[in-house]
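A.B. asks: Structure: start.pdb, PDB, C-alpha atoms and all ligand atoms.
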MODEL        1
ATOM      1  CA  MET A   4      -5.941   3.427  17.793
ATOM      2  CA  ILE A   5      -7.249   0.720  15.508
ATOM      3  CA  ILE A   6      -5.607  -0.089  12.194
ATOM      4  CA  GLY A   7      -7.888  -1.783   9.689
ATOM      5  CA  ILE A   8      -6.260  -4.252   7.339
ATOM      6  CA  LEU A   9      -8.172  -5.158   4.237
ATOM      7  CA  GLY A  10      -8.713  -8.877   4.778
ATOM      8  CA  LEU A  11     -10.173 -10.018   1.476
ATOM      9  CA  GLN A  12      -7.109 -11.458  -0.226
ATOM     10  CA  GLY A  13      -3.317 -11.334  -0.127
ATOM     11  CA  ASP A  14      -0.839 -11.173   2.738
ATOM     12  CA  PHE A  15      -2.944  -9.264   5.256
ATOM     13  CA  ASP A  16      -1.827 -11.544   8.084
ATOM     14  CA  ALA A  17       1.813 -10.403   7.922
ATOM     15  CA  HIS A  18       0.665  -6.769   8.200
ATOM     16  CA  LYS A  19      -1.580  -7.670  11.120
ATOM     17  CA  LYS A  20       1.304  -9.287  13.004
ATOM     18  CA  MET A  21       3.606  -6.352  12.390
ATOM     19  CA  VAL A  22       1.097  -3.707  13.466
ATOM     20  CA  GLU A  23       0.225  -5.702  16.607
ATOM     21  CA  HIS A  24       3.922  -6.116  17.352
ATOM     22  CA  LEU A  25       4.090  -2.302  17.339
ATOM     23  CA  GLY A  26       1.376  -2.193  19.993
ATOM     24  CA  ALA A  27      -1.596  -1.005  17.941
ATOM     25  CA  LYS A  28      -4.913  -2.795  17.696
ATOM     26  CA  THR A  29      -5.884  -4.275  14.343
ATOM     27  CA  LEU A  30      -9.107  -5.193  12.661
ATOM     28  CA  LEU A  31      -9.468  -7.296   9.527
ATOM     29  CA  VAL A  32     -11.734  -5.278   7.272
ATOM     30  CA  LYS A  33     -14.318  -7.223   5.321
ATOM     31  CA  THR A  34     -17.361  -4.953   5.548
ATOM     32  CA  SER A  35     -17.998  -1.214   5.535
ATOM     33  CA  GLU A  36     -18.957  -1.459   9.247
ATOM     34  CA  ASP A  37     -15.483  -2.821   9.962
ATOM     35  CA  LEU A  38     -14.007   0.157   8.183
ATOM     36  CA  ASP A  39     -16.041   2.636  10.253
ATOM     37  CA  ALA A  40     -14.199   1.453  13.356
ATOM     38  CA  ALA A  41     -10.717   1.949  11.881
ATOM     39  CA  ASP A  42      -8.403   4.960  12.205
ATOM     40  CA  GLY A  43      -6.235   3.872   9.277
ATOM     41  CA  LEU A  44      -6.395   1.250   6.541
ATOM     42  CA  ILE A  45      -3.722  -1.009   5.075
ATOM     43  CA  ILE A  46      -4.330  -2.529   1.643
ATOM     44  CA  PRO A  47      -1.914  -5.468   1.383
ATOM     45  CA  GLY A  48      -0.086  -7.070  -1.502
ATOM     46  CA  GLY A  49      -1.745  -9.873  -3.366
ATOM     47  CA  GLU A  50      -3.372  -9.884  -6.757
ATOM     48  CA  SER A  51      -4.899  -6.546  -7.648
ATOM     49  CA  THR A  52      -7.522  -7.940 -10.073
ATOM     50  CA  THR A  53      -8.811 -10.493  -7.559
ATOM     51  CA  MET A  54      -8.739  -7.949  -4.765
ATOM     52  CA  THR A  55     -10.727  -5.494  -6.868
ATOM     53  CA  ARG A  56     -13.347  -8.095  -7.686
ATOM     54  CA  LEU A  57     -13.761  -8.775  -3.967
ATOM     55  CA  LEU A  58     -13.882  -5.057  -3.113
ATOM     56  CA  PHE A  59     -16.952  -4.760  -5.326
ATOM     57  CA  ARG A  60     -18.483  -8.011  -4.106
ATOM     58  CA  TYR A  61     -18.120  -6.949  -0.459
ATOM     59  CA  ASN A  62     -19.427  -3.426  -1.170
ATOM     60  CA  LEU A  63     -16.263  -1.780   0.065
ATOM     61  CA  VAL A  64     -15.520   0.580  -2.827
ATOM     62  CA  GLY A  65     -17.832   3.390  -1.689
ATOM     63  CA  ALA A  66     -16.843   2.862   1.936
ATOM     64  CA  ILE A  67     -13.141   3.216   1.133
ATOM     65  CA  LYS A  68     -13.834   6.374  -0.907
ATOM     66  CA  ARG A  69     -15.642   7.876   2.086
ATOM     67  CA  PHE A  70     -12.821   6.815   4.389
ATOM     68  CA  HIS A  71     -10.370   8.647   2.132
ATOM     69  CA  ARG A  72     -12.603  11.731   1.852
ATOM     70  CA  LYS A  73     -12.540  12.015   5.660
ATOM     71  CA  GLY A  74      -8.756  12.229   5.436
ATOM     72  CA  LYS A  75      -8.142   8.942   7.214
ATOM     73  CA  PRO A  76      -4.767   7.449   6.256
ATOM     74  CA  ILE A  77      -4.465   4.578   3.801
ATOM     75  CA  PHE A  78      -1.309   2.554   3.134
ATOM     76  CA  GLY A  79      -1.041   0.323   0.053
ATOM     77  CA  THR A  80       1.776  -2.140  -0.546
ATOM     78  CA  CYS A  81       2.395  -3.713  -3.950
ATOM     79  CA  ALA A  82      -1.074  -4.762  -5.223
ATOM     80  CA  GLY A  83      -2.419  -2.260  -2.673
ATOM     81  CA  MET A  84      -0.385   0.463  -4.379
ATOM     82  CA  ILE A  85      -1.827  -0.528  -7.770
ATOM     83  CA  VAL A  86      -5.362  -0.239  -6.430
ATOM     84  CA  LEU A  87      -4.675   3.244  -4.980
ATOM     85  CA  SER A  88      -2.950   4.676  -8.070
ATOM     86  CA  LYS A  89      -4.334   7.127 -10.615
ATOM     87  CA  LYS A  90      -3.300   5.135 -13.703
ATOM     88  CA  ILE A  91      -2.386   1.527 -14.477
ATOM     89  CA  LEU A  92      -0.463   1.908 -17.719
ATOM     90  CA  ASN A  93      -0.511  -1.699 -18.894
ATOM     91  CA  HIS A  94      -4.085  -2.354 -17.703
ATOM     92  CA  PRO A  95      -5.854   0.956 -18.364
ATOM     93  CA  GLU A  96      -9.342  -0.527 -17.947
ATOM     94  CA  GLN A  97      -8.623  -1.986 -14.516
ATOM     95  CA  PHE A  98     -10.432  -0.322 -11.621
ATOM     96  CA  ARG A  99      -8.360   1.821  -9.251
ATOM     97  CA  PHE A 100      -9.210   4.434  -6.638
ATOM     98  CA  GLY A 101      -6.942   7.166  -8.012
ATOM     99  CA  PHE A 102      -6.065   8.533  -4.563
ATOM    100  CA  ILE A 103      -2.399   9.088  -5.429
ATOM    101  CA  ASP A 104      -1.204  10.798  -8.598
ATOM    102  CA  ILE A 105       1.136   8.116  -9.874
ATOM    103  CA  ALA A 106       1.106   5.985 -13.013
ATOM    104  CA  VAL A 107       2.098   2.377 -12.353
ATOM    105  CA  ALA A 108       2.810  -0.683 -14.478
ATOM    106  CA  ARG A 109       1.955  -4.105 -13.085
ATOM    107  CA  ASN A 110       4.555  -6.893 -12.956
ATOM    108  CA  ALA A 111       7.044  -4.483 -14.455
ATOM    109  CA  TYR A 112      10.366  -5.692 -13.067
ATOM    110  CA  GLY A 113      10.872  -8.414 -15.705
ATOM    111  CA  ARG A 114      10.551 -12.155 -15.566
ATOM    112  CA  GLN A 115      14.059 -13.149 -14.494
ATOM    113  CA  ILE A 116      13.866 -10.859 -11.520
ATOM    114  CA  ASP A 117      10.167 -11.268 -10.838
ATOM    115  CA  SER A 118      11.041 -11.358  -7.164
ATOM    116  CA  PHE A 119      14.145  -9.992  -5.475
ATOM    117  CA  GLU A 120      15.403  -8.268  -2.334
ATOM    118  CA  GLU A 121      17.553  -5.205  -2.074
ATOM    119  CA  ASP A 122      18.796  -2.726   0.501
ATOM    120  CA  ILE A 123      17.361   0.686  -0.225
ATOM    121  CA  ALA A 124      17.697   4.090   1.367
ATOM    122  CA  ILE A 125      14.595   5.654   2.895
ATOM    123  CA  PRO A 126      15.968   8.975   4.159
ATOM    124  CA  SER A 127      12.922   9.890   6.263
ATOM    125  CA  LEU A 128      13.289   6.617   8.205
ATOM    126  CA  GLY A 129      16.903   7.175   9.195
ATOM    127  CA  LYS A 130      20.370   6.238   7.956
ATOM    128  CA  GLU A 131      20.029   2.480   8.233
ATOM    129  CA  PRO A 132      19.093   0.938   4.834
ATOM    130  CA  PHE A 133      15.794  -0.900   4.509
ATOM    131  CA  ARG A 134      15.693  -4.434   3.134
ATOM    132  CA  ALA A 135      12.996  -4.206   0.464
ATOM    133  CA  VAL A 136      11.310  -7.373  -0.814
ATOM    134  CA  PHE A 137       9.856  -7.080  -4.310
ATOM    135  CA  ILE A 138       7.408  -9.791  -5.423
ATOM    136  CA  ARG A 139       6.121  -9.457  -8.986
ATOM    137  CA  ALA A 140       6.160  -5.827  -8.092
ATOM    138  CA  PRO A 141       4.542  -2.916  -9.856
ATOM    139  CA  LYS A 142       6.714  -0.048 -10.983
ATOM    140  CA  ILE A 143       5.908   3.597 -10.441
ATOM    141  CA  GLU A 144       6.512   4.733 -14.022
ATOM    142  CA  SER A 145       5.756   8.380 -13.412
ATOM    143  CA  VAL A 146       4.580  10.868 -10.851
ATOM    144  CA  LEU A 147       1.668  12.890 -12.207
ATOM    145  CA  SER A 148       1.554  15.848  -9.842
ATOM    146  CA  LYS A 149       3.565  17.885  -7.407
ATOM    147  CA  LYS A 150       1.311  16.719  -4.583
ATOM    148  CA  VAL A 151       3.236  13.451  -4.535
ATOM    149  CA  GLU A 152       6.228  13.276  -2.234
ATOM    150  CA  SER A 153       8.814  10.637  -3.117
ATOM    151  CA  LEU A 154      10.085   8.842  -0.011
ATOM    152  CA  ALA A 155      12.428   6.309  -1.619
ATOM    153  CA  LYS A 156      14.014   5.540  -4.940
ATOM    154  CA  ARG A 157      15.688   2.558  -6.535
ATOM    155  CA  GLY A 158      17.940   4.013  -9.203
ATOM    156  CA  LYS A 159      15.750   6.461 -11.049
ATOM    157  CA  GLU A 160      12.484   4.885  -9.985
ATOM    158  CA  HIS A 161      10.324   5.901  -7.095
ATOM    159  CA  ILE A 162       9.411   2.926  -4.925
ATOM    160  CA  MET A 163       7.739   4.630  -1.990
ATOM    161  CA  ALA A 164       5.607   7.755  -2.106
ATOM    162  CA  ARG A 165       3.017   9.754  -0.239
ATOM    163  CA  GLN A 166       0.245  12.136  -1.175
ATOM    164  CA  GLY A 167      -1.375  13.609   1.913
ATOM    165  CA  SER A 168      -3.096  10.789   3.765
ATOM    166  CA  VAL A 169      -2.084   8.133   1.228
ATOM    167  CA  LEU A 170       1.147   6.147   1.507
ATOM    168  CA  VAL A 171       2.299   3.544  -1.038
ATOM    169  CA  CYS A 172       5.283   1.340  -1.676
ATOM    170  CA  SER A 173       6.004  -1.169  -4.421
ATOM    171  CA  PHE A 174       7.755  -3.570  -2.030
ATOM    172  CA  HIS A 175       6.634  -5.607   0.998
ATOM    173  CA  PRO A 176       7.793  -4.093   4.322
ATOM    174  CA  GLU A 177       5.577  -6.556   6.218
ATOM    175  CA  LEU A 178       7.821  -9.447   5.136
ATOM    176  CA  THR A 179      10.909  -8.194   6.969
ATOM    177  CA  HIS A 180      11.615  -7.656  10.658
ATOM    178  CA  ASP A 181      12.173  -3.963  10.093
ATOM    179  CA  THR A 182       9.141  -2.136  11.415
ATOM    180  CA  ARG A 183      10.056   1.405  10.373
ATOM    181  CA  VAL A 184       7.690   1.742   7.402
ATOM    182  CA  HIS A 185       4.765   0.566   9.534
ATOM    183  CA  GLU A 186       5.817   2.926  12.329
ATOM    184  CA  TYR A 187       5.749   5.756   9.809
ATOM    185  CA  PHE A 188       2.195   4.810   8.833
ATOM    186  CA  LEU A 189       1.079   4.471  12.456
ATOM    187  CA  LYS A 190       2.317   8.019  13.046
ATOM    188  CA  MET A 191       0.181   9.203  10.131
ATOM    189  CA  ALA A 192      -2.837   7.501  11.719
ATOM    190  CA  GLN A 193      -1.948   8.884  15.161
ATOM    191  CA  ASN A 194      -1.691  12.420  13.807
ATOM    192  CA  PHE A 195      -5.061  12.124  12.142
ATOM    193  CA  ARG A 196      -6.803  11.200  15.374
TER
HETATM  194  N1  LIG B 201       1.491  -8.759  -9.454
HETATM  195  C1  LIG B 201       0.446  -8.366  -8.552
HETATM  196  C2  LIG B 201      -0.597  -7.524  -9.259
HETATM  197  O1  LIG B 201      -0.391  -7.073 -10.334
HETATM  198  C3  LIG B 201       1.038  -7.615  -7.379
HETATM  199  C4  LIG B 201       2.008  -8.486  -6.645
HETATM  200  C5  LIG B 201       2.065  -8.277  -5.169
HETATM  201  O2  LIG B 201       1.223  -7.636  -4.561
HETATM  202  N2  LIG B 201       3.048  -8.889  -4.546
HETATM  203  O3  LIG B 201      -1.632  -7.299  -8.732
ENDMDL
END
Please rewrite the model in this file as structure tokens.

C.D. replies:
Amino acid sequence: MIIGILGLQGDFDAHKKMVEHLGAKTLLVKTSEDLDAADGLIIPGGESTTMTRLLFRYNLVGAIKRFHRKGKPIFGTCAGMIVLSKKILNHPEQFRFGFIDIAVARNAYGRQIDSFEEDIAIPSLGKEPFRAVFIRAPKIESVLSKKVESLAKRGKEHIMARQGSVLVCSFHPELTHDTRVHEYFLKMAQNFR
């Protein structure tokens, strides 16, 4: 199994290390040919506007749409979640793929807590809490359809969700030593094969 990690911008290297630590092969995706070889795709955190600009420049938008149409799993963290969402409430003109029926707001956790860490419960990953790292994180403001399954909440807000082959979280699981979120995604990719 080969997990593609979008390697245009952002913290793709931390994802790469974590996936390799779990024993799967990785491939930094920079062209549509790279993507053809992958069984799953991770879109990392970073800066969603810059990442989008590069997605167009590297001709990856159509390729990622085809990848999704085939049902191959895609996992977006933070900026990656923004790019996969249906709506970006505070930047309605910004490009997004719309693969998951959620409305997000960028940088929505307020200036004084722009970045923070917190233990959260992710019931489908077991009893042990998960240390979630939020960095200028987007908020899932609302879920737009019943197709979306919420996997974790922080207070009233959803922070991890799935719609079919698409997994998103507003935090950065690649920046901890806890591999459970990545294991969950690898299982999605394994089941697709
Ligand atoms: N603030 C970034 C954005 O809006 C996301 C931050 C991140 O990915 N850590 O694109």

A.B. asks: Where does the PyMOL selection byres (((chain A and resi 5-17) around 9) and not hetatm) land in this file, that is, which residues does it pick, as a VMD selection string?

C.D. replies: chain A and resid 4 18 to 22 27 to 33 37 to 38 40 to 50 53 to 54 57 to 58 61 82 177 to 178 189 192

A.B. asks: Select the residues contacting ligand LIG 201 (chain B) at a distance of at most 9 Å, based on all atoms listed in the file, then format the selection as a PDB file with C-alpha atoms, keeping the file's coordinate frame.

C.D. replies:
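Result written to pocket.pdb:
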ATOM      1  CA  GLY A  13      -3.317 -11.334  -0.127  1.00  0.00           C
ATOM      2  CA  ASP A  14      -0.839 -11.173   2.738  1.00  0.00           C
ATOM      3  CA  PRO A  47      -1.914  -5.468   1.383  1.00  0.00           C
ATOM      4  CA  GLY A  48      -0.086  -7.070  -1.502  1.00  0.00           C
ATOM      5  CA  GLY A  49      -1.745  -9.873  -3.366  1.00  0.00           C
ATOM      6  CA  GLU A  50      -3.372  -9.884  -6.757  1.00  0.00           C
ATOM      7  CA  SER A  51      -4.899  -6.546  -7.648  1.00  0.00           C
ATOM      8  CA  THR A  52      -7.522  -7.940 -10.073  1.00  0.00           C
ATOM      9  CA  THR A  53      -8.811 -10.493  -7.559  1.00  0.00           C
ATOM     10  CA  MET A  54      -8.739  -7.949  -4.765  1.00  0.00           C
ATOM     11  CA  THR A  80       1.776  -2.140  -0.546  1.00  0.00           C
ATOM     12  CA  CYS A  81       2.395  -3.713  -3.950  1.00  0.00           C
ATOM     13  CA  ALA A  82      -1.074  -4.762  -5.223  1.00  0.00           C
ATOM     14  CA  GLY A  83      -2.419  -2.260  -2.673  1.00  0.00           C
ATOM     15  CA  MET A  84      -0.385   0.463  -4.379  1.00  0.00           C
ATOM     16  CA  ILE A  85      -1.827  -0.528  -7.770  1.00  0.00           C
ATOM     17  CA  VAL A  86      -5.362  -0.239  -6.430  1.00  0.00           C
ATOM     18  CA  ALA A 108       2.810  -0.683 -14.478  1.00  0.00           C
ATOM     19  CA  ARG A 109       1.955  -4.105 -13.085  1.00  0.00           C
ATOM     20  CA  ASN A 110       4.555  -6.893 -12.956  1.00  0.00           C
ATOM     21  CA  ALA A 111       7.044  -4.483 -14.455  1.00  0.00           C
ATOM     22  CA  SER A 118      11.041 -11.358  -7.164  1.00  0.00           C
ATOM     23  CA  PHE A 137       9.856  -7.080  -4.310  1.00  0.00           C
ATOM     24  CA  ILE A 138       7.408  -9.791  -5.423  1.00  0.00           C
ATOM     25  CA  ARG A 139       6.121  -9.457  -8.986  1.00  0.00           C
ATOM     26  CA  ALA A 140       6.160  -5.827  -8.092  1.00  0.00           C
ATOM     27  CA  PRO A 141       4.542  -2.916  -9.856  1.00  0.00           C
ATOM     28  CA  SER A 173       6.004  -1.169  -4.421  1.00  0.00           C
ATOM     29  CA  PHE A 174       7.755  -3.570  -2.030  1.00  0.00           C
ATOM     30  CA  HIS A 175       6.634  -5.607   0.998  1.00  0.00           C
TER      31      HIS A 175
END

A.B. asks: Nearest to A:Gly79: which of A:Gln193, A:Thr179, A:Ser148, A:Gln166 is it, counting all atoms listed in the file?

C.D. replies: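 Among the listed residues, the smallest separation from A:Gly79 belongs to A:Gln166.
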
A.B. asks: Could you name the residues that touch A:Ile91 at 10 Å or less, counting only C-alpha atoms, but leaving out those on the same chain fewer than 3 positions away, as an mmCIF file with C-alpha atoms, in the frame of the given file?

C.D. replies:
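Below is the file part-v7.cif, written as the result:
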data_model
loop_
_atom_site.group_PDB
_atom_site.id
_atom_site.type_symbol
_atom_site.label_atom_id
_atom_site.label_comp_id
_atom_site.auth_asym_id
_atom_site.auth_seq_id
_atom_site.Cartn_x
_atom_site.Cartn_y
_atom_site.Cartn_z
ATOM 1 C CA ILE A 85 -1.827 -0.528 -7.770
ATOM 2 C CA VAL A 86 -5.362 -0.239 -6.430
ATOM 3 C CA LEU A 87 -4.675 3.244 -4.980
ATOM 4 C CA SER A 88 -2.950 4.676 -8.070
ATOM 5 C CA HIS A 94 -4.085 -2.354 -17.703
ATOM 6 C CA PRO A 95 -5.854 0.956 -18.364
ATOM 7 C CA GLU A 96 -9.342 -0.527 -17.947
ATOM 8 C CA GLN A 97 -8.623 -1.986 -14.516
ATOM 9 C CA PHE A 98 -10.432 -0.322 -11.621
ATOM 10 C CA ARG A 99 -8.360 1.821 -9.251
ATOM 11 C CA GLY A 101 -6.942 7.166 -8.012
ATOM 12 C CA ILE A 105 1.136 8.116 -9.874
ATOM 13 C CA ALA A 106 1.106 5.985 -13.013
ATOM 14 C CA VAL A 107 2.098 2.377 -12.353
ATOM 15 C CA ALA A 108 2.810 -0.683 -14.478
ATOM 16 C CA ARG A 109 1.955 -4.105 -13.085
ATOM 17 C CA PRO A 141 4.542 -2.916 -9.856
ATOM 18 C CA LYS A 142 6.714 -0.048 -10.983
ATOM 19 C CA ILE A 143 5.908 3.597 -10.441
ATOM 20 C CA GLU A 144 6.512 4.733 -14.022
#

A.B. asks: Quick one, how far is atom CA of A:Leu128 from atom CA of A:Leu147?

C.D. replies: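 Here the two named atoms are 24.3 Å from each other.
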
A.B. asks: May I ask for the distance between atom CA of A:Glu186 and atom CA of A:Ile103, given in Å to one decimal place?

C.D. replies: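 Atom-to-atom, atom CA of A:Glu186 to atom CA of A:Ile103, that is 20.5 Å.
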
A.B. asks: Could you write out as a ChimeraX atom specification the residues that the PyMOL selection byres (((chain A and resi 164) around 10) and not hetatm) matches in the shown file?

C.D. replies: /A:84,103-105,143,146,151-156,161-163,165-167,169-173

A.B. asks: Mind telling me what the PyMOL selection byres (((chain A and resi 71) around 10) and not hetatm) catches here, as a list in words?

C.D. replies: Gly43, Leu44, Gly65, Ala66, Ile67, Lys68, Arg69, Phe70, Arg72, Lys73, Gly74, Lys75, Pro76, Ile77, Phe100, Phe102, Ser168 and Val169 of chain A

A.B. asks: Report, in Å to a single decimal, how far apart atom CA of A:Ser35 and atom CA of A:Arg60 are.

C.D. replies: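 Answer for the atom CA of A:Arg60 to atom CA of A:Ser35 separation: 11.8 Å.
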
A.B. asks: Kindly list the centre and edge lengths in Å, rounded to one decimal, for the axis-aligned box that covers all listed atoms of stretch 129-145 of chain A plus 3 Å on each of its six sides, as lines of an AutoDock Vina configuration file.

C.D. replies:
center_x = 12.5
center_y = -0.7
center_z = -2.4
size_x = 21.8
size_y = 24.2
size_z = 29.2
